[in-house]
Amino acid sequence: MTGNEAAIKDVEKKYRVYAVKKPLEKGNYGVDHSSVLYLMGPDGKLVNFYDEAISPDDLAKELKQKV
């Protein structure tokens with residue numbers, strides 16, 4: 001995701017996303033974040049979400065049905 005800090009924080013709050021910027025060596029950084037996949041419709045609304053508990057086969061089956 002990209003945008004200004006306020007816009008990103010707004011999306012994090014709306015979708016209950018955990019994201020924390022972590023400093024690395026030489027001025028670089030990483031981001032710890034939640035691992036939820038969001039399926040959004042063409043209208044920008046949430047269709048469904050998937051966490052790490054869903055198997056790749058089940059996720060593929062779900063997406064084929066919804067897309």
# chains A, B, ... in the order shown; residues from 1 in each chain; ligands from 1
$ select_by_dssp --residues "range 12-63 of chain A" --states "helix (DSSP H, G or I)" --output "list of chain:residue names"
A:Glu12, A:Lys13, A:Lys14, A:Glu25, A:Lys26, A:Gly27, A:Pro56, A:Asp57, A:Asp58, A:Leu59, A:Ala60, A:Lys61, A:Glu62, A:Leu63
$ closest_atom_pairs --of "range 20-51 of chain A" --to "range 59-66 of chain A" --cutoff "10 Å" --atoms "only C-alpha atoms" --output "tab-separated table"
residue	atom	partner	partner_atom	distance
A:Leu39	CA	A:Leu63	CA	8.5
A:Gly41	CA	A:Lys66	CA	9.5
A:Val47	CA	A:Lys66	CA	8.6
A:Asn48	CA	A:Lys66	CA	9.3
A:Tyr50	CA	A:Leu59	CA	7.8
A:Asp51	CA	A:Leu59	CA	9.8
$ write_last_selection --atoms "all heavy atoms" --output "mmCIF file, in the first residue's frame"
data_model
loop_
_atom_site.group_PDB
_atom_site.id
_atom_site.type_symbol
_atom_site.label_atom_id
_atom_site.label_comp_id
_atom_site.auth_asym_id
_atom_site.auth_seq_id
_atom_site.Cartn_x
_atom_site.Cartn_y
_atom_site.Cartn_z
ATOM 1 N N LEU A 39 -10.183 -9.759 -0.297
ATOM 2 C CA LEU A 39 -10.722 -9.786 -1.650
ATOM 3 C C LEU A 39 -11.688 -8.619 -1.774
ATOM 4 O O LEU A 39 -12.698 -8.553 -1.076
ATOM 5 C CB LEU A 39 -11.446 -11.107 -1.925
ATOM 6 C CG LEU A 39 -12.089 -11.241 -3.304
ATOM 7 C CD1 LEU A 39 -11.034 -11.146 -4.410
ATOM 8 C CD2 LEU A 39 -12.848 -12.557 -3.407
ATOM 9 N N GLY A 41 -14.098 -6.051 -4.195
ATOM 10 C CA GLY A 41 -14.887 -6.006 -5.418
ATOM 11 C C GLY A 41 -14.489 -4.818 -6.273
ATOM 12 O O GLY A 41 -13.760 -3.926 -5.835
ATOM 13 N N VAL A 47 -15.256 -8.050 -0.183
ATOM 14 C CA VAL A 47 -16.049 -9.221 -0.559
ATOM 15 C C VAL A 47 -15.856 -10.317 0.477
ATOM 16 O O VAL A 47 -16.795 -10.924 0.950
ATOM 17 C CB VAL A 47 -15.658 -9.739 -1.963
ATOM 18 C CG1 VAL A 47 -16.364 -11.040 -2.297
ATOM 19 C CG2 VAL A 47 -15.939 -8.675 -3.012
ATOM 20 N N ASN A 48 -14.594 -10.558 0.843
ATOM 21 C CA ASN A 48 -14.265 -11.588 1.829
ATOM 22 C C ASN A 48 -12.829 -11.381 2.277
ATOM 23 O O ASN A 48 -12.079 -10.620 1.664
ATOM 24 C CB ASN A 48 -14.439 -12.982 1.232
ATOM 25 C CG ASN A 48 -14.750 -14.036 2.274
ATOM 26 O OD1 ASN A 48 -14.666 -13.783 3.471
ATOM 27 N ND2 ASN A 48 -15.119 -15.224 1.830
ATOM 28 N N TYR A 50 -9.344 -13.688 4.093
ATOM 29 C CA TYR A 50 -8.798 -15.027 4.337
ATOM 30 C C TYR A 50 -7.553 -14.888 5.202
ATOM 31 O O TYR A 50 -6.711 -14.036 4.959
ATOM 32 C CB TYR A 50 -8.425 -15.693 3.005
ATOM 33 C CG TYR A 50 -9.558 -15.671 2.004
ATOM 34 C CD1 TYR A 50 -9.661 -14.657 1.067
ATOM 35 C CD2 TYR A 50 -10.544 -16.646 2.029
ATOM 36 C CE1 TYR A 50 -10.713 -14.624 0.162
ATOM 37 C CE2 TYR A 50 -11.606 -16.613 1.130
ATOM 38 C CZ TYR A 50 -11.676 -15.597 0.202
ATOM 39 O OH TYR A 50 -12.730 -15.557 -0.685
ATOM 40 N N ASP A 51 -7.453 -15.757 6.216
ATOM 41 C CA ASP A 51 -6.250 -15.745 7.048
ATOM 42 C C ASP A 51 -5.400 -16.972 6.746
ATOM 43 O O ASP A 51 -5.699 -17.734 5.823
ATOM 44 C CB ASP A 51 -6.602 -15.633 8.532
ATOM 45 C CG ASP A 51 -7.400 -16.819 9.053
ATOM 46 O OD1 ASP A 51 -7.398 -17.894 8.415
ATOM 47 O OD2 ASP A 51 -8.028 -16.667 10.118
#
$ residues_around --residues "range 11-23 of chain A" --least-positions-apart "2" --cutoff "6 Å" --atoms "only C-alpha atoms" --output "ChimeraX atom specification"
/A:8-9,29-34
$ write_last_selection --atoms "N, CA, C and O atoms" --output "JSON list (two decimals), in the first residue's frame"
[["chain", "number", "residue", "atom", "x", "y", "z"],
["A", 8, "ILE", "N", -2.76, 5.91, 5.15],
["A", 8, "ILE", "CA", -2.39, 4.53, 5.48],
["A", 8, "ILE", "C", -2.94, 4.15, 6.85],
["A", 8, "ILE", "O", -3.52, 3.07, 7.02],
["A", 9, "LYS", "N", -2.80, 5.02, 7.83],
["A", 9, "LYS", "CA", -3.32, 4.74, 9.18],
["A", 9, "LYS", "C", -4.84, 4.55, 9.14],
["A", 9, "LYS", "O", -5.39, 3.71, 9.85],
["A", 29, "TYR", "N", 14.53, -0.23, 6.26],
["A", 29, "TYR", "CA", 13.51, -0.63, 7.22],
["A", 29, "TYR", "C", 12.70, -1.80, 6.67],
["A", 29, "TYR", "O", 12.67, -2.07, 5.48],
["A", 30, "GLY", "N", 12.06, -2.50, 7.58],
["A", 30, "GLY", "CA", 11.12, -3.57, 7.24],
["A", 30, "GLY", "C", 9.79, -3.23, 7.89],
["A", 30, "GLY", "O", 9.69, -2.31, 8.69],
["A", 31, "VAL", "N", 8.77, -3.98, 7.54],
["A", 31, "VAL", "CA", 7.45, -3.75, 8.13],
["A", 31, "VAL", "C", 6.90, -5.08, 8.62],
["A", 31, "VAL", "O", 6.75, -6.02, 7.83],
["A", 32, "ASP", "N", 6.63, -5.17, 9.91],
["A", 32, "ASP", "CA", 5.89, -6.31, 10.46],
["A", 32, "ASP", "C", 4.42, -6.00, 10.24],
["A", 32, "ASP", "O", 3.97, -4.88, 10.51],
["A", 33, "HIS", "N", 3.66, -6.98, 9.74],
["A", 33, "HIS", "CA", 2.25, -6.71, 9.46],
["A", 33, "HIS", "C", 1.42, -7.98, 9.56],
["A", 33, "HIS", "O", 1.93, -9.08, 9.55],
["A", 34, "SER", "N", 0.11, -7.79, 9.67],
["A", 34, "SER", "CA", -0.79, -8.93, 9.71],
["A", 34, "SER", "C", -0.78, -9.64, 8.36],
["A", 34, "SER", "O", -0.35, -9.08, 7.36]]
$ select_by_dssp --residues "chain A" --states "strand (DSSP E)" --output "ChimeraX atom specification"
/A:19-23,29-33,37-40,46-50
$ write_last_selection --atoms "all heavy atoms" --output "compact mmCIF listing (two decimals), in the first residue's frame"
# COMPACT_ATOMS: atom_id res chain seq x y z
N ALA A 19 0.44 -3.12 11.54
CA ALA A 19 1.63 -2.81 10.74
C ALA A 19 2.54 -1.90 11.54
O ALA A 19 2.11 -0.85 12.04
CB ALA A 19 1.24 -2.15 9.43
N VAL A 20 3.81 -2.32 11.69
CA VAL A 20 4.79 -1.54 12.43
C VAL A 20 6.09 -1.49 11.64
O VAL A 20 6.63 -2.53 11.25
CB VAL A 20 5.05 -2.14 13.83
CG1 VAL A 20 6.15 -1.38 14.55
CG2 VAL A 20 3.78 -2.15 14.66
N LYS A 21 6.57 -0.29 11.39
CA LYS A 21 7.82 -0.08 10.68
C LYS A 21 8.98 -0.38 11.64
O LYS A 21 9.01 0.11 12.76
CB LYS A 21 7.89 1.36 10.20
CG LYS A 21 8.99 1.67 9.25
CD LYS A 21 8.82 3.12 8.76
CE LYS A 21 9.89 3.52 7.80
NZ LYS A 21 9.70 4.89 7.29
N LYS A 22 9.94 -1.23 11.20
CA LYS A 22 11.08 -1.63 12.03
C LYS A 22 12.37 -1.20 11.34
O LYS A 22 12.61 -1.56 10.19
CB LYS A 22 11.11 -3.15 12.20
CG LYS A 22 9.88 -3.74 12.87
CD LYS A 22 9.95 -3.53 14.34
CE LYS A 22 8.79 -4.27 15.00
NZ LYS A 22 8.91 -4.34 16.41
N PRO A 23 13.20 -0.43 12.04
CA PRO A 23 14.47 -0.02 11.44
C PRO A 23 15.42 -1.20 11.24
O PRO A 23 15.46 -2.12 12.05
CB PRO A 23 15.03 0.98 12.44
CG PRO A 23 14.35 0.69 13.73
CD PRO A 23 13.03 0.06 13.39
N TYR A 29 14.53 -0.23 6.26
CA TYR A 29 13.51 -0.63 7.22
C TYR A 29 12.70 -1.80 6.67
O TYR A 29 12.67 -2.07 5.48
CB TYR A 29 12.56 0.55 7.55
CG TYR A 29 11.69 0.99 6.41
CD1 TYR A 29 10.43 0.43 6.23
CD2 TYR A 29 12.11 1.96 5.51
CE1 TYR A 29 9.61 0.82 5.18
CE2 TYR A 29 11.31 2.36 4.46
CZ TYR A 29 10.06 1.79 4.30
OH TYR A 29 9.25 2.18 3.27
N GLY A 30 12.06 -2.50 7.58
CA GLY A 30 11.12 -3.57 7.24
C GLY A 30 9.79 -3.23 7.89
O GLY A 30 9.69 -2.31 8.69
N VAL A 31 8.77 -3.98 7.54
CA VAL A 31 7.45 -3.75 8.13
C VAL A 31 6.90 -5.08 8.62
O VAL A 31 6.75 -6.02 7.83
CB VAL A 31 6.47 -3.11 7.12
CG1 VAL A 31 5.10 -2.93 7.74
CG2 VAL A 31 7.01 -1.78 6.60
N ASP A 32 6.63 -5.17 9.91
CA ASP A 32 5.89 -6.31 10.46
C ASP A 32 4.42 -6.00 10.24
O ASP A 32 3.97 -4.88 10.51
CB ASP A 32 6.15 -6.45 11.97
CG ASP A 32 7.55 -6.93 12.29
OD1 ASP A 32 8.22 -7.45 11.39
OD2 ASP A 32 7.97 -6.78 13.45
N HIS A 33 3.66 -6.98 9.74
CA HIS A 33 2.25 -6.71 9.46
C HIS A 33 1.42 -7.98 9.56
O HIS A 33 1.93 -9.08 9.55
CB HIS A 33 2.08 -6.09 8.07
CG HIS A 33 2.65 -6.92 6.97
ND1 HIS A 33 2.00 -8.00 6.41
CD2 HIS A 33 3.85 -6.84 6.34
CE1 HIS A 33 2.76 -8.54 5.47
NE2 HIS A 33 3.87 -7.86 5.41
N LEU A 37 -5.48 -11.81 3.78
CA LEU A 37 -5.72 -11.46 2.38
C LEU A 37 -7.14 -10.90 2.29
O LEU A 37 -8.07 -11.51 2.80
CB LEU A 37 -5.61 -12.68 1.47
CG LEU A 37 -4.27 -13.39 1.43
CD1 LEU A 37 -4.40 -14.68 0.61
CD2 LEU A 37 -3.22 -12.49 0.82
N TYR A 38 -7.30 -9.77 1.62
CA TYR A 38 -8.61 -9.15 1.44
C TYR A 38 -9.00 -9.26 -0.03
O TYR A 38 -8.23 -8.87 -0.91
CB TYR A 38 -8.58 -7.68 1.84
CG TYR A 38 -8.27 -7.47 3.30
CD1 TYR A 38 -6.97 -7.27 3.74
CD2 TYR A 38 -9.30 -7.48 4.24
CE1 TYR A 38 -6.69 -7.08 5.09
CE2 TYR A 38 -9.03 -7.29 5.59
CZ TYR A 38 -7.72 -7.09 6.00
OH TYR A 38 -7.45 -6.92 7.33
N LEU A 39 -10.18 -9.76 -0.30
CA LEU A 39 -10.72 -9.79 -1.65
C LEU A 39 -11.69 -8.62 -1.77
O LEU A 39 -12.70 -8.55 -1.08
CB LEU A 39 -11.45 -11.11 -1.92
CG LEU A 39 -12.09 -11.24 -3.30
CD1 LEU A 39 -11.03 -11.15 -4.41
CD2 LEU A 39 -12.85 -12.56 -3.41
N MET A 40 -11.34 -7.68 -2.66
CA MET A 40 -12.13 -6.48 -2.84
C MET A 40 -12.87 -6.56 -4.17
O MET A 40 -12.34 -7.07 -5.15
CB MET A 40 -11.22 -5.24 -2.84
CG MET A 40 -10.27 -5.17 -1.66
SD MET A 40 -11.07 -5.13 -0.05
CE MET A 40 -11.76 -3.50 -0.07
N LEU A 46 -15.30 -4.62 0.46
CA LEU A 46 -14.80 -5.92 0.89
C LEU A 46 -15.77 -7.02 0.48
O LEU A 46 -16.97 -6.94 0.77
CB LEU A 46 -14.62 -5.93 2.41
CG LEU A 46 -14.13 -7.23 3.03
CD1 LEU A 46 -12.70 -7.53 2.60
CD2 LEU A 46 -14.21 -7.15 4.55
N VAL A 47 -15.26 -8.05 -0.18
CA VAL A 47 -16.05 -9.22 -0.56
C VAL A 47 -15.86 -10.32 0.48
O VAL A 47 -16.80 -10.92 0.95
CB VAL A 47 -15.66 -9.74 -1.96
CG1 VAL A 47 -16.36 -11.04 -2.30
CG2 VAL A 47 -15.94 -8.68 -3.01
N ASN A 48 -14.59 -10.56 0.84
CA ASN A 48 -14.26 -11.59 1.83
C ASN A 48 -12.83 -11.38 2.28
O ASN A 48 -12.08 -10.62 1.66
CB ASN A 48 -14.44 -12.98 1.23
CG ASN A 48 -14.75 -14.04 2.27
OD1 ASN A 48 -14.67 -13.78 3.47
ND2 ASN A 48 -15.12 -15.22 1.83
N PHE A 49 -12.45 -12.06 3.34
CA PHE A 49 -11.07 -12.04 3.77
C PHE A 49 -10.65 -13.45 4.14
O PHE A 49 -11.49 -14.30 4.44
CB PHE A 49 -10.84 -11.07 4.94
CG PHE A 49 -11.55 -11.45 6.20
CD1 PHE A 49 -10.94 -12.24 7.16
CD2 PHE A 49 -12.86 -11.02 6.43
CE1 PHE A 49 -11.61 -12.60 8.32
CE2 PHE A 49 -13.53 -11.37 7.59
CZ PHE A 49 -12.91 -12.16 8.53
N TYR A 50 -9.34 -13.69 4.09
CA TYR A 50 -8.80 -15.03 4.34
C TYR A 50 -7.55 -14.89 5.20
O TYR A 50 -6.71 -14.04 4.96
CB TYR A 50 -8.42 -15.69 3.01
CG TYR A 50 -9.56 -15.67 2.00
CD1 TYR A 50 -9.66 -14.66 1.07
CD2 TYR A 50 -10.54 -16.65 2.03
CE1 TYR A 50 -10.71 -14.62 0.16
CE2 TYR A 50 -11.61 -16.61 1.13
CZ TYR A 50 -11.68 -15.60 0.20
OH TYR A 50 -12.73 -15.56 -0.69
$ atom_distance --atom1 "CA of Gly3 in chain A" --atom2 "CA of Leu24 in chain A"
21.7 Å
$ atom_distance --atom1 "CA of Val67 in chain A" --atom2 "CA of Ser55 in chain A"
18.0 Å
